[in-house]
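Enquirer: See input-v9.cif below, with mmCIF, C-alpha atoms and all ligand atoms.
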```cif
data_my_file
loop_
_atom_site.label_atom_id
_atom_site.label_comp_id
_atom_site.auth_asym_id
_atom_site.auth_seq_id
_atom_site.Cartn_x
_atom_site.Cartn_y
_atom_site.Cartn_z
CA MET A 609 76.27 -73.13 20.48
CA HIS A 610 79.56 -73.56 18.66
CA ARG A 611 79.97 -70.65 16.23
CA PRO A 612 83.43 -70.79 14.69
CA GLY A 613 84.58 -67.72 12.77
CA GLY A 614 87.36 -66.80 10.34
CA ALA A 615 89.91 -69.32 9.14
CA ARG A 616 88.58 -72.00 11.49
CA ALA A 617 85.11 -71.68 9.95
CA GLY A 618 86.68 -71.93 6.49
CA ALA A 619 88.51 -75.14 7.40
CA ALA A 620 85.35 -76.59 9.00
CA ARG A 621 83.33 -75.77 5.91
CA ARG A 622 85.86 -77.51 3.62
CA VAL A 623 85.95 -80.57 5.88
CA LEU A 624 82.13 -80.77 6.02
CA ASP A 625 81.91 -80.32 2.24
CA LEU A 626 84.38 -83.14 1.61
CA LEU A 627 82.63 -85.44 4.06
CA ARG A 628 79.34 -84.68 2.32
CA THR A 629 80.80 -85.50 -1.10
CA GLN A 630 82.89 -88.52 -0.07
CA GLY A 631 80.60 -90.09 2.52
CA VAL A 632 83.40 -91.71 4.53
CA ILE A 633 86.96 -90.42 4.76
CA SER A 634 89.96 -90.54 7.14
CA ARG A 635 91.74 -87.55 8.68
CA VAL A 636 94.81 -88.33 6.57
CA GLU A 637 92.75 -88.19 3.37
CA LEU A 638 91.08 -84.97 4.55
CA ALA A 639 94.53 -83.41 4.95
CA GLU A 640 95.59 -84.68 1.51
CA ARG A 641 92.45 -83.44 -0.21
CA THR A 642 92.24 -80.02 1.48
CA GLY A 643 95.97 -79.27 1.62
CA LEU A 644 95.55 -78.44 5.33
CA THR A 645 98.05 -79.76 7.87
CA ALA A 646 97.30 -82.88 9.94
CA ALA A 647 97.22 -80.68 13.07
CA THR A 648 94.67 -78.30 11.52
CA ILE A 649 92.50 -81.24 10.48
CA THR A 650 92.68 -82.70 14.00
CA ASN A 651 91.75 -79.34 15.55
CA THR A 652 88.96 -78.79 13.02
CA VAL A 653 87.43 -82.24 13.38
CA ARG A 654 87.50 -82.38 17.22
CA PRO A 655 84.77 -79.74 17.85
CA LEU A 656 82.72 -81.11 14.94
CA ILE A 657 82.66 -84.48 16.73
CA SER A 658 81.89 -82.98 20.14
CA ASP A 659 79.08 -80.91 18.56
CA GLY A 660 77.54 -84.10 17.18
CA LEU A 661 78.05 -83.10 13.51
CA VAL A 662 80.71 -85.72 12.65
CA ARG A 663 81.31 -89.20 14.03
CA GLU A 664 84.01 -91.82 13.88
CA ILE A 665 82.96 -95.11 12.38
CA GLY A 666 85.38 -97.99 12.90
CA ARG A 667 88.75 -98.30 11.28
CA ASP A 668 90.17 -98.68 7.82
CA PRO A 669 92.40 -101.82 8.19
CA GLN A 670 95.12 -100.57 5.75
CA PRO A 671 96.92 -103.97 5.59
CA GLY A 672 100.67 -103.66 6.11
CA ARG A 673 100.51 -99.89 6.67
CA GLY A 674 100.76 -99.70 10.45
CA GLN A 675 98.20 -97.99 12.66
CA PRO A 676 94.67 -98.38 11.24
CA ARG A 677 92.97 -95.09 10.30
CA ARG A 678 89.78 -94.08 12.00
CA LEU A 679 87.15 -93.13 9.45
CA LEU A 680 84.82 -90.15 9.70
CA GLN A 681 81.34 -89.46 8.42
CA LEU A 682 78.67 -86.79 8.89
CA VAL A 683 75.86 -87.47 11.37
CA PRO A 684 72.92 -87.43 8.93
CA GLY A 685 70.28 -86.48 11.49
CA ALA A 686 72.28 -83.61 13.03
CA TRP A 687 70.59 -81.03 10.82
CA HIS A 688 68.30 -80.87 7.81
CA ALA A 689 67.81 -78.35 5.02
CA VAL A 690 64.89 -77.62 2.74
CA GLY A 691 65.24 -76.71 -0.94
CA ILE A 692 62.33 -75.17 -2.88
CA GLN A 693 62.44 -74.55 -6.62
CA VAL A 694 59.51 -72.48 -7.79
CA ASP A 695 58.54 -70.79 -11.02
CA ARG A 696 55.41 -70.31 -13.12
CA THR A 697 55.35 -73.90 -14.38
CA THR A 698 56.70 -76.10 -11.55
CA THR A 699 57.46 -76.36 -7.87
CA THR A 700 59.73 -78.99 -6.33
CA ILE A 701 60.49 -79.24 -2.63
CA VAL A 702 63.18 -81.49 -1.15
CA VAL A 703 64.34 -82.11 2.40
CA LEU A 704 67.96 -83.22 2.77
CA ASP A 705 69.66 -84.57 5.86
CA PHE A 706 73.02 -83.17 7.01
CA ALA A 707 74.91 -85.69 4.84
CA GLY A 708 72.98 -84.50 1.77
CA GLY A 709 70.72 -87.54 1.60
CA PRO A 710 67.14 -86.86 0.43
CA VAL A 711 64.55 -87.67 3.10
CA ALA A 712 61.43 -86.23 1.41
CA THR A 713 60.41 -84.79 -1.96
CA ALA A 714 57.26 -83.19 -3.37
CA ASP A 715 56.47 -82.20 -6.97
CA LEU A 716 53.75 -79.56 -7.15
CA PRO A 717 52.24 -77.19 -9.70
CA GLY A 718 53.97 -73.86 -10.36
CA THR A 719 52.72 -70.40 -9.42
CA GLY A 720 50.62 -70.12 -12.58
CA GLY A 721 48.83 -66.78 -12.35
CA ARG A 722 48.93 -66.64 -8.55
CA GLY A 723 50.53 -63.77 -6.69
CA PRO A 724 53.51 -64.03 -4.34
CA GLU A 725 51.53 -63.85 -1.10
CA THR A 726 49.27 -66.80 -1.99
CA THR A 727 52.28 -68.70 -3.31
CA VAL A 728 54.39 -68.13 -0.17
CA ALA A 729 51.49 -69.25 2.07
CA ALA A 730 51.05 -72.42 -0.01
CA LEU A 731 54.81 -73.13 -0.03
CA ALA A 732 54.99 -72.77 3.76
CA GLY A 733 52.08 -75.22 4.12
CA HIS A 734 53.75 -77.75 1.83
CA VAL A 735 57.07 -77.48 3.69
CA GLU A 736 55.35 -78.02 7.07
CA GLU A 737 53.54 -81.04 5.68
CA LEU A 738 56.70 -82.51 4.16
CA LEU A 739 58.69 -82.07 7.39
CA ASP A 740 55.86 -83.71 9.37
CA ARG A 741 55.63 -86.60 6.94
CA ALA A 742 59.41 -87.13 7.07
CA GLY A 743 59.41 -86.90 10.87
CA VAL A 744 61.92 -84.04 10.86
CA ALA A 745 61.70 -81.78 13.94
CA ARG A 746 61.54 -78.07 13.10
CA GLU A 747 64.44 -77.23 15.44
CA ARG A 748 66.66 -79.58 13.40
CA VAL A 749 66.09 -77.59 10.19
CA LEU A 750 69.00 -75.27 9.45
CA GLY A 751 67.17 -73.23 6.84
CA VAL A 752 65.45 -73.08 3.49
CA GLY A 753 67.03 -72.46 0.09
CA LEU A 754 64.43 -70.74 -2.09
CA VAL A 755 65.35 -71.17 -5.74
CA THR A 756 63.85 -69.01 -8.50
CA HIS A 757 64.71 -67.52 -11.87
CA GLY A 758 66.71 -64.29 -11.97
CA PRO A 759 67.47 -61.50 -11.83
CA GLN A 760 67.45 -61.45 -8.04
CA ASP A 761 68.72 -59.27 -5.20
CA LEU A 762 70.09 -62.01 -2.96
CA GLU A 763 70.72 -59.75 0.02
CA ARG A 764 67.21 -58.34 0.12
CA GLY A 765 65.68 -61.66 -0.99
CA VAL A 766 63.60 -60.16 -3.79
CA LEU A 767 63.10 -60.71 -7.52
CA LEU A 768 64.14 -57.85 -9.77
CA THR A 769 61.72 -58.86 -12.49
CA ALA A 770 57.97 -58.70 -13.04
CA GLN A 771 58.00 -62.44 -13.88
CA PRO A 772 55.86 -64.46 -13.37
CA GLY A 773 53.60 -61.41 -12.70
CA PRO A 774 53.92 -57.69 -11.87
CA ASP A 775 53.23 -58.20 -8.13
CA TRP A 776 56.35 -60.39 -7.86
CA LEU A 777 58.71 -57.50 -8.59
CA GLU A 778 60.46 -56.51 -5.34
CA TYR A 779 58.02 -58.58 -3.23
CA PRO A 780 59.86 -59.53 0.02
CA LEU A 781 59.97 -63.24 -0.86
CA THR A 782 62.51 -64.58 1.63
CA ALA A 783 61.26 -62.38 4.48
CA ALA A 784 57.65 -63.49 3.96
CA LEU A 785 58.56 -67.18 3.79
CA ALA A 786 60.93 -66.88 6.77
CA ALA A 787 58.19 -65.24 8.83
CA ARG A 788 55.71 -68.01 8.03
CA LEU A 789 58.13 -70.89 8.64
CA GLU A 790 60.16 -69.21 11.41
CA LEU A 791 63.28 -70.44 9.64
CA PRO A 792 66.08 -68.60 7.83
CA VAL A 793 65.52 -68.45 4.06
CA LEU A 794 68.27 -67.91 1.46
CA LEU A 795 67.43 -66.92 -2.10
CA GLU A 796 69.34 -68.63 -4.91
CA ASN A 797 69.23 -68.65 -8.71
CA ASP A 798 67.69 -71.80 -10.21
CA ALA A 799 70.41 -72.50 -12.78
CA THR A 800 73.17 -71.88 -10.22
CA ALA A 801 71.42 -74.15 -7.72
CA ALA A 802 71.07 -76.88 -10.34
CA ALA A 803 74.80 -76.59 -11.10
CA VAL A 804 75.59 -76.99 -7.39
CA GLY A 805 73.23 -79.99 -7.28
CA GLU A 806 75.03 -81.56 -10.25
CA LEU A 807 78.48 -80.85 -8.81
CA TRP A 808 77.50 -82.57 -5.58
CA ALA A 809 75.95 -85.54 -7.44
CA GLY A 810 79.26 -85.83 -9.33
CA SER A 811 77.61 -86.63 -12.64
CA PRO A 812 79.58 -84.16 -14.83
CA GLN A 813 82.82 -85.89 -13.65
CA THR A 814 84.70 -82.62 -13.96
CA ASP A 815 85.38 -79.65 -11.68
CA THR A 816 84.58 -77.04 -14.37
CA PHE A 817 81.39 -77.13 -16.41
CA GLY A 818 78.45 -75.09 -17.65
CA LEU A 819 74.77 -75.80 -17.14
CA ILE A 820 71.70 -74.74 -19.09
CA TYR A 821 68.53 -74.75 -17.03
CA MET A 822 65.08 -74.81 -18.59
CA ALA A 823 61.78 -74.56 -16.71
CA ALA A 824 59.40 -71.71 -17.62
CA GLY A 825 62.46 -69.73 -18.76
CA ILE A 826 66.07 -70.51 -19.66
CA GLY A 827 69.03 -69.75 -17.39
CA GLY A 828 72.67 -70.70 -17.10
CA GLY A 829 75.21 -71.57 -14.44
CA VAL A 830 78.97 -72.10 -14.48
CA ILE A 831 81.11 -74.01 -11.99
CA VAL A 832 84.83 -73.19 -12.08
CA ASP A 833 87.17 -75.46 -10.07
CA ARG A 834 84.21 -76.64 -7.95
CA GLU A 835 83.16 -73.06 -7.12
CA VAL A 836 80.09 -71.23 -8.44
CA TYR A 837 80.90 -68.39 -10.82
CA ARG A 838 78.68 -65.64 -9.36
CA GLY A 839 79.70 -62.46 -11.12
CA ARG A 840 79.24 -59.35 -9.00
CA ALA A 841 75.84 -60.09 -7.47
CA SER A 842 74.91 -63.64 -8.50
CA ASN A 843 73.08 -62.63 -11.66
CA ALA A 844 75.71 -64.14 -13.98
CA VAL A 845 75.34 -66.41 -17.00
CA GLU A 846 71.81 -65.38 -18.05
CA ILE A 847 72.31 -67.36 -21.23
CA GLY A 848 68.58 -67.34 -22.02
CA HIS A 849 68.82 -63.59 -22.63
CA VAL A 850 71.77 -63.47 -24.99
CA ALA A 851 70.48 -62.25 -28.35
CA LEU A 852 70.98 -64.72 -31.18
CA THR A 853 71.35 -63.70 -34.80
CA GLY A 854 68.48 -64.74 -37.01
CA SER A 855 65.84 -64.05 -34.37
CA SER A 856 63.95 -60.86 -33.59
CA ARG A 857 61.19 -62.30 -31.41
CA PRO A 858 60.40 -59.95 -28.48
CA CYS A 859 61.37 -61.23 -25.02
CA VAL A 860 60.00 -60.61 -21.52
CA CYS A 861 63.36 -59.01 -20.60
CA GLY A 862 62.65 -56.10 -22.93
CA GLY A 863 65.11 -57.23 -25.58
CA SER A 864 64.49 -59.31 -28.66
CA GLY A 865 65.99 -62.39 -30.25
CA CYS A 866 66.74 -64.05 -26.89
CA ALA A 867 67.08 -67.84 -26.73
CA GLN A 868 64.31 -67.83 -24.12
CA ALA A 869 61.86 -66.15 -26.52
CA GLU A 870 62.58 -68.74 -29.23
CA ALA A 871 63.21 -71.93 -27.30
CA ALA A 872 61.49 -71.96 -23.89
CA PRO A 873 58.47 -74.25 -23.37
CA HIS A 874 55.95 -71.41 -23.92
CA ALA A 875 57.42 -70.81 -27.42
CA VAL A 876 57.20 -74.52 -28.30
CA VAL A 877 53.64 -74.71 -26.97
CA ALA A 878 52.70 -71.59 -28.99
CA ARG A 879 53.93 -73.34 -32.17
CA ALA A 880 51.92 -76.45 -31.27
CA LEU A 881 48.76 -74.37 -30.69
CA ALA A 882 49.21 -72.70 -34.08
CA ASP A 883 48.80 -76.16 -35.64
CA THR A 884 45.22 -76.97 -34.55
CA GLY A 885 45.33 -80.52 -35.88
CA PHE A 886 48.42 -81.22 -33.80
CA ALA A 887 47.05 -79.46 -30.69
CA ASP A 888 43.84 -81.50 -30.85
CA ARG A 889 45.67 -84.75 -31.51
CA PHE A 890 47.92 -84.40 -28.45
CA ALA A 891 45.54 -82.44 -26.16
CA VAL A 892 47.78 -79.34 -26.03
CA THR A 893 45.57 -76.91 -24.08
CA GLY A 894 47.44 -73.59 -23.87
CA ALA A 895 46.27 -73.24 -20.23
CA ARG A 896 48.31 -70.61 -18.36
CA ASP A 897 49.06 -73.00 -15.49
CA GLY A 898 49.78 -75.90 -17.82
CA THR A 899 52.69 -74.79 -20.03
CA LEU A 900 54.99 -77.53 -18.84
CA ASP A 901 52.25 -80.18 -19.02
CA ASP A 902 51.61 -79.10 -22.62
CA PHE A 903 55.33 -79.13 -23.33
CA ASP A 904 55.59 -82.67 -21.89
CA ARG A 905 52.68 -83.77 -24.12
CA ILE A 906 54.65 -82.55 -27.14
CA ALA A 907 57.76 -84.29 -25.83
CA ARG A 908 55.85 -87.55 -25.37
CA ALA A 909 54.42 -87.19 -28.88
CA TRP A 910 58.03 -86.94 -30.12
CA ARG A 911 58.91 -90.07 -28.15
CA SER A 912 56.02 -91.93 -29.73
CA GLY A 913 57.47 -91.06 -33.14
CA ASP A 914 55.43 -88.01 -34.20
CA ARG A 915 57.41 -86.03 -36.79
CA ASP A 916 55.64 -82.70 -36.22
CA ALA A 917 56.47 -82.90 -32.51
CA ALA A 918 60.08 -83.71 -33.40
CA ALA A 919 60.28 -80.64 -35.67
CA MET A 920 58.88 -78.33 -32.95
CA LEU A 921 61.33 -79.58 -30.34
CA GLU A 922 64.28 -79.61 -32.74
CA GLN A 923 63.70 -75.96 -33.56
CA SER A 924 63.87 -75.16 -29.83
CA ALA A 925 66.89 -77.44 -29.35
CA ARG A 926 68.87 -75.73 -32.12
CA TRP A 927 68.37 -72.32 -30.48
CA ILE A 928 69.56 -73.77 -27.18
CA GLY A 929 72.52 -75.21 -29.07
CA ARG A 930 73.37 -71.70 -30.26
CA ALA A 931 73.13 -70.38 -26.70
CA ALA A 932 75.39 -73.26 -25.60
CA VAL A 933 78.01 -72.21 -28.18
CA THR A 934 78.08 -68.73 -26.62
CA LEU A 935 78.33 -70.25 -23.13
CA VAL A 936 81.22 -72.54 -24.15
CA ASN A 937 83.06 -69.81 -26.06
CA LEU A 938 82.78 -67.33 -23.16
CA PHE A 939 83.90 -69.68 -20.40
CA ASP A 940 86.15 -72.18 -22.24
CA LEU A 941 84.12 -75.21 -21.22
CA ASP A 942 84.24 -78.79 -22.46
CA THR A 943 81.14 -80.01 -20.59
CA VAL A 944 77.59 -78.67 -20.65
CA VAL A 945 74.83 -80.17 -18.47
CA LEU A 946 71.14 -79.79 -19.28
CA ALA A 947 68.90 -79.59 -16.21
CA GLY A 948 65.44 -78.40 -15.26
CA PRO A 949 61.97 -79.92 -15.50
CA ALA A 950 61.67 -79.15 -19.24
CA PHE A 951 64.43 -81.70 -19.96
CA THR A 952 62.83 -84.66 -18.16
CA VAL A 953 61.09 -86.16 -21.21
CA ALA A 954 62.92 -84.72 -24.23
CA GLY A 955 66.38 -84.38 -22.65
CA THR A 956 68.11 -86.71 -25.10
CA LEU A 957 66.73 -84.84 -28.15
CA TYR A 958 68.09 -81.57 -26.71
CA ARG A 959 71.38 -83.24 -25.79
CA ASP A 960 71.97 -84.47 -29.34
CA HIS A 961 71.14 -81.12 -30.97
CA VAL A 962 73.17 -79.08 -28.49
CA ALA A 963 76.13 -81.45 -28.99
CA ALA A 964 75.82 -81.10 -32.77
CA GLU A 965 75.83 -77.28 -32.57
CA LEU A 966 78.87 -77.34 -30.29
CA GLU A 967 80.75 -79.71 -32.60
CA ARG A 968 79.91 -77.43 -35.50
CA LEU A 969 80.58 -74.02 -33.93
CA ALA A 970 82.41 -74.05 -30.56
CA LEU A 971 85.74 -72.31 -31.10
CA SER A 972 87.69 -74.86 -29.04
CA ARG A 973 86.21 -77.85 -30.91
CA ALA A 974 89.54 -78.68 -32.55
CA LEU A 975 91.11 -79.11 -29.10
CA VAL A 976 88.36 -81.06 -27.38
CA ARG A 977 85.02 -82.49 -28.37
CA PRO A 978 82.45 -80.80 -26.12
CA LYS A 979 80.45 -83.19 -23.96
CA VAL A 980 76.72 -82.63 -23.35
CA LEU A 981 74.88 -84.48 -20.57
CA VAL A 982 71.30 -84.53 -19.36
CA SER A 983 71.12 -84.29 -15.57
CA SER A 984 70.05 -87.53 -13.91
CA ASN A 985 67.95 -85.33 -11.58
CA ALA A 986 66.69 -82.95 -14.30
CA ALA A 987 63.47 -82.08 -12.47
CA SER A 988 64.83 -81.78 -8.92
CA ALA A 989 68.46 -80.64 -9.41
CA ALA A 990 67.65 -77.00 -8.59
CA ALA A 991 65.70 -77.82 -5.41
CA LEU A 992 68.53 -80.15 -4.31
CA GLY A 993 71.01 -77.35 -4.99
CA GLY A 994 68.90 -74.94 -2.91
CA ALA A 995 69.06 -77.27 0.10
CA LEU A 996 72.80 -77.88 -0.46
CA HIS A 997 73.33 -74.11 -0.63
CA VAL A 998 71.94 -73.91 2.91
CA LEU A 999 74.09 -76.83 4.14
CA ARG A 1000 77.22 -75.41 2.51
CA THR A 1001 76.92 -71.74 3.43
CA MET A 1002 74.98 -71.30 6.67
CA ARG A 1003 76.87 -71.12 9.92
CA ILE A 1004 76.52 -74.50 11.56
CA GLY A 1005 76.57 -75.19 15.27
CA ALA A 1006 75.72 -78.15 17.42
CA PRO A 1007 72.15 -79.32 16.89
CA PRO A 1008 69.80 -78.72 19.82
CA ARG A 1009 69.48 -81.54 22.35
CA PRO A 1010 66.27 -80.87 24.23
CA GLY A 1011 66.66 -81.46 27.96
CA GLU A 1012 70.39 -82.12 27.70
CA GLY A 1013 71.56 -78.51 27.55
CA GLU A 1014 74.57 -77.49 25.48
CA PRO A 1015 77.21 -80.11 24.70
CA ALA A 1016 80.36 -80.07 26.84
CA PRO A 1017 83.28 -78.13 25.36
CA PRO A 1018 86.07 -80.28 23.84
ZN ZN A 1101 65.33 -61.85 -23.05
#
```
Can you give me the file's structure in the form of structure tokens?
Ligand SMILES: [Zn+2]
Expert:
Amino acid sequence: MHRPGGARAGAARRVLDLLRTQGVISRVELAERTGLTAATITNTVRPLISDGLVREIGRDPQPGRGQPRRLLQLVPGAWHAVGIQVDRTTTTIVVLDFAGGPVATADLPGTGGRGPETTVAALAGHVEELLDRAGVARERVLGVGLVTHGPQDLERGVLLTAQPGPDWLEYPLTAALAARLELPVLLENDATAAAVGELWAGSPQTDTFGLIYMAAGIGGGVIVDREVYRGRASNAVEIGHVALTGSSRPCVCGGSGCAQAEAAPHAVVARALADTGFADRFAVTGARDGTLDDFDRIARAWRSGDRDAAAMLEQSARWIGRAAVTLVNLFDLDTVVLAGPAFTVAGTLYRDHVAAELERLALSRALVRPKVLVSSNAASAAALGGALHVLRTMRIGAPPRPGEGEPAPP
């Protein structure tokens, strides 16, 4: 199997990344976009073609510009990757082909009160089922990107928090899932994964942006010049746990006054339950496994014009706006994306309030009006990012060709 190392692997990774973003591109454009020489591009692309990862597809006619250019694209079926986003309230699983195209998706309930062992067994079952349904052979799966809230120890593949329950702390998550699926599993932060998913989808239309992720909790991610800002150990931008003035509500992190304690779905649902008339009217249950369903009921009540629902969500949205001001001031951003399953119904309400807070308080507001967008894949952006993380970072060789042996060297 072709296992390039060093500079050659770096060039191959950049070429594969560009092909995945652009779809179809010529060698000349690859050289222009990467800054690599034409000779390096030729030498990088040749083994990718012989390994069956990249193919030539016809020619770009280029009228009046001499020799037509041969165009390149990824071979979608060469490899696949699985992305799993899981937290207390939701689970989303996606299977992507090598070109980044989605071939299968499943939306499932979150962990609720279940422990990690039961959850991992269920996740493995769902992945098997999804691969079967999509007709993807196991040996064509490069790996699994497992996406959760932080803080995490990426190297050991464990959570460094007792959320969603005490037995999750330090449980060998990636090792247990890898053993069940017999596939490599990489751990990734949900907000970071969502930012990667958004970058790849191209919706922020900028190479530097921040992202606020809301599912059961609230997290943040920052992309700088198309690269993830990771801090020292990928536990950066925990914007849900920055203390905000005016709040003293205790938080699961041990602090108080965090945006997560004030604004996350459980806080909104708690306010709805305190108003029994409202809770009865919109069937808000307070069930441990149903926080996001309850939150969506409140969001739908807002959509149908209920003013109490609007007030509950606006209170949450203003706190997130304050967190966004901190994010923008720290990283000098002009674009903030909102992603995560909690933004699927009420995303536009949050967008408008976050934008208003930024226009009012972001220090750079005189220079540029901050832009706030709701992800077009709010619910699945993190799972997509988990699968892309696998495609972008794992060492990639020629896919297996049963019965044909290894491909001939170039
Ligand atoms: Zn906190």
Enquirer: Could you give me, as a list in words, every polymer residue with an atom at most 8 Å away from an atom of ligand ZN 1101 (chain A), counting only C-alpha atoms and all ligand atoms?
Expert: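 Every residue with an atom at most 8 Å from ligand ZN 1101 (chain A) is listed here: Gly848, His849, Val850, Ala851, Pro858, Cys859, Val860, Cys861, Gly862, Gly863, Ser864, Gly865, Cys866, Ala867, Gln868 and Ala869 of chain A.
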Enquirer: For each of A:Asp901, A:Leu992, A:Thr756, A:Leu819, take the minimum atom-to-atom distance to Val962 in chain A, counting all atoms listed in the file, then give the residue where this is smallest.
Expert: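 Of A:Asp901, A:Leu992, A:Thr756, A:Leu819, the one nearest Val962 in chain A, counting all atoms listed in the file, is A:Leu819.
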Enquirer: Work out how far apart CA of Ile831 in chain A and CA of Phe817 in chain A are and give it in Å to one decimal.
Expert: 5.4 Å
Enquirer: In terms of the shortest atom-to-atom distance over all atoms listed in the file, which of A:Ala647, A:Ala909, A:Ala730, A:Val702 is closest to His688 in chain A?
Expert: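 That would be A:Val702, the residue with the smallest distance to His688 in chain A.
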Enquirer: Hey, can you check how far CA of Met822 in chain A sits from CA of Leu900 in chain A?
Expert: 10.5 Å
Enquirer: How many Å separate CA of Ala799 in chain A from CA of Ser924 in chain A?
Expert: 18.5 Å
Enquirer: When you count all atoms listed in the file, which of these residues is closest to Ala619 in chain A: A:Gly643, A:Pro978, A:Pro873, A:Gly631?
Expert: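 Nearest to Ala619 in chain A: A:Gly643.
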Enquirer: Which neighbours of Ala844 in chain A fall inside 8 Å, counting only C-alpha atoms, when residues of the same chain fewer than 5 positions from it are skipped, and could you give them as a PyMOL selection string?
Expert: chain A and resi 828-829+837-839
Enquirer: Would you pick out the contacts of Arg746 in chain A at 9 Å or less, using only C-alpha atoms, so that residues sharing its chain but fewer than 3 positions from it are not included, and give the list as number ranges by chain?
Expert: A: 736, 739-740, 749-750, 791
Enquirer: Using only C-alpha atoms, which residue out of A:Arg1009, A:Arg788, A:Arg1000, A:His874 lies closest to Gly618 in chain A?
Expert: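 Selected residue with least distance to Gly618 in chain A: A:Arg1000.
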Enquirer: List as a PyMOL selection string the protein and nucleic acid residues near Thr782 in chain A, meaning an atom at most 12 Å away when all atoms listed in the file are counted, but skip any in the same chain fewer than 3 places from it.
Expert: chain A and resi 692+724-725+728-729+731-732+751-756+760-767+778-779+785-796
Enquirer: Counting only C-alpha atoms, which residue out of A:Phe706, A:Leu957, A:Arg915, A:Thr699 sits closest to Gly660 in chain A?
Expert: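 Checking each candidate against Gly660 in chain A, we get A:Phe706 as the closest.
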Enquirer: May I have the residues at most 9 Å from (85.3, -98.9, 9.1) in the file's coordinates, counting all atoms listed in the file, as a VMD selection string?
Expert: chain A and resid 632 664 to 669 677 to 680
Enquirer: Which polymer residues have any atom within 12 Å of an atom of range 876-881 of chain A, counting all atoms listed in the file, with same-chain residues fewer than 5 positions away left out, as a PyMOL selection string?
Expert: chain A and resi 824-825+868-871+886-896+898-907+909+916-925+927+950
Enquirer: Neighbouring residues of Val703 in chain A were defined as those with any atom within 7 Å, considering only C-alpha atoms; residues of the same chain fewer than 2 positions away were excluded. Please report them as number ranges by chain.
Expert: A: 688-691, 701, 705, 710-713
Enquirer: Can I get the selection written as a short mmCIF file (atom, residue, chain, number, x, y, z; two decimals), in the frame of the given file, with C-alpha atoms?
Expert:
```
data_model
loop_
_atom_site.label_atom_id
_atom_site.label_comp_id
_atom_site.auth_asym_id
_atom_site.auth_seq_id
_atom_site.Cartn_x
_atom_site.Cartn_y
_atom_site.Cartn_z
CA HIS A 688 68.30 -80.87 7.81
CA ALA A 689 67.81 -78.35 5.02
CA VAL A 690 64.89 -77.62 2.74
CA GLY A 691 65.24 -76.71 -0.94
CA ILE A 701 60.49 -79.24 -2.63
CA ASP A 705 69.66 -84.57 5.86
CA PRO A 710 67.14 -86.86 0.43
CA VAL A 711 64.55 -87.67 3.10
CA ALA A 712 61.43 -86.23 1.41
CA THR A 713 60.41 -84.79 -1.96
#
```
Enquirer: Hey, which of A:Gly708, A:Ile820, A:Ala615, A:Asp625 ends up closest to Thr648 in chain A? Count only C-alpha atoms.
Expert: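 Counting only C-alpha atoms, the residue closest to Thr648 in chain A is A:Ala615.
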Enquirer: So which residues are close to (51.9, -69.3, -13.3), meaning at most 6 Å away in the file's coordinates with all atoms listed in the file counted, and can you show them as a PyMOL selection string?
Expert: chain A and resi 696-697+718-721+897
Enquirer: Might I get the box with edges along x, y and z of the file that holds all atoms of range 951-963 of chain A listed there, padded by 4 Å on every side, given as centre and edge lengths in Å to one decimal, as AutoDock Vina command-line options?
Expert:
```
--center_x 68.6 --center_y -82.9 --center_z -24.6 --size_x 23.0 --size_y 15.6 --size_z 20.8
```
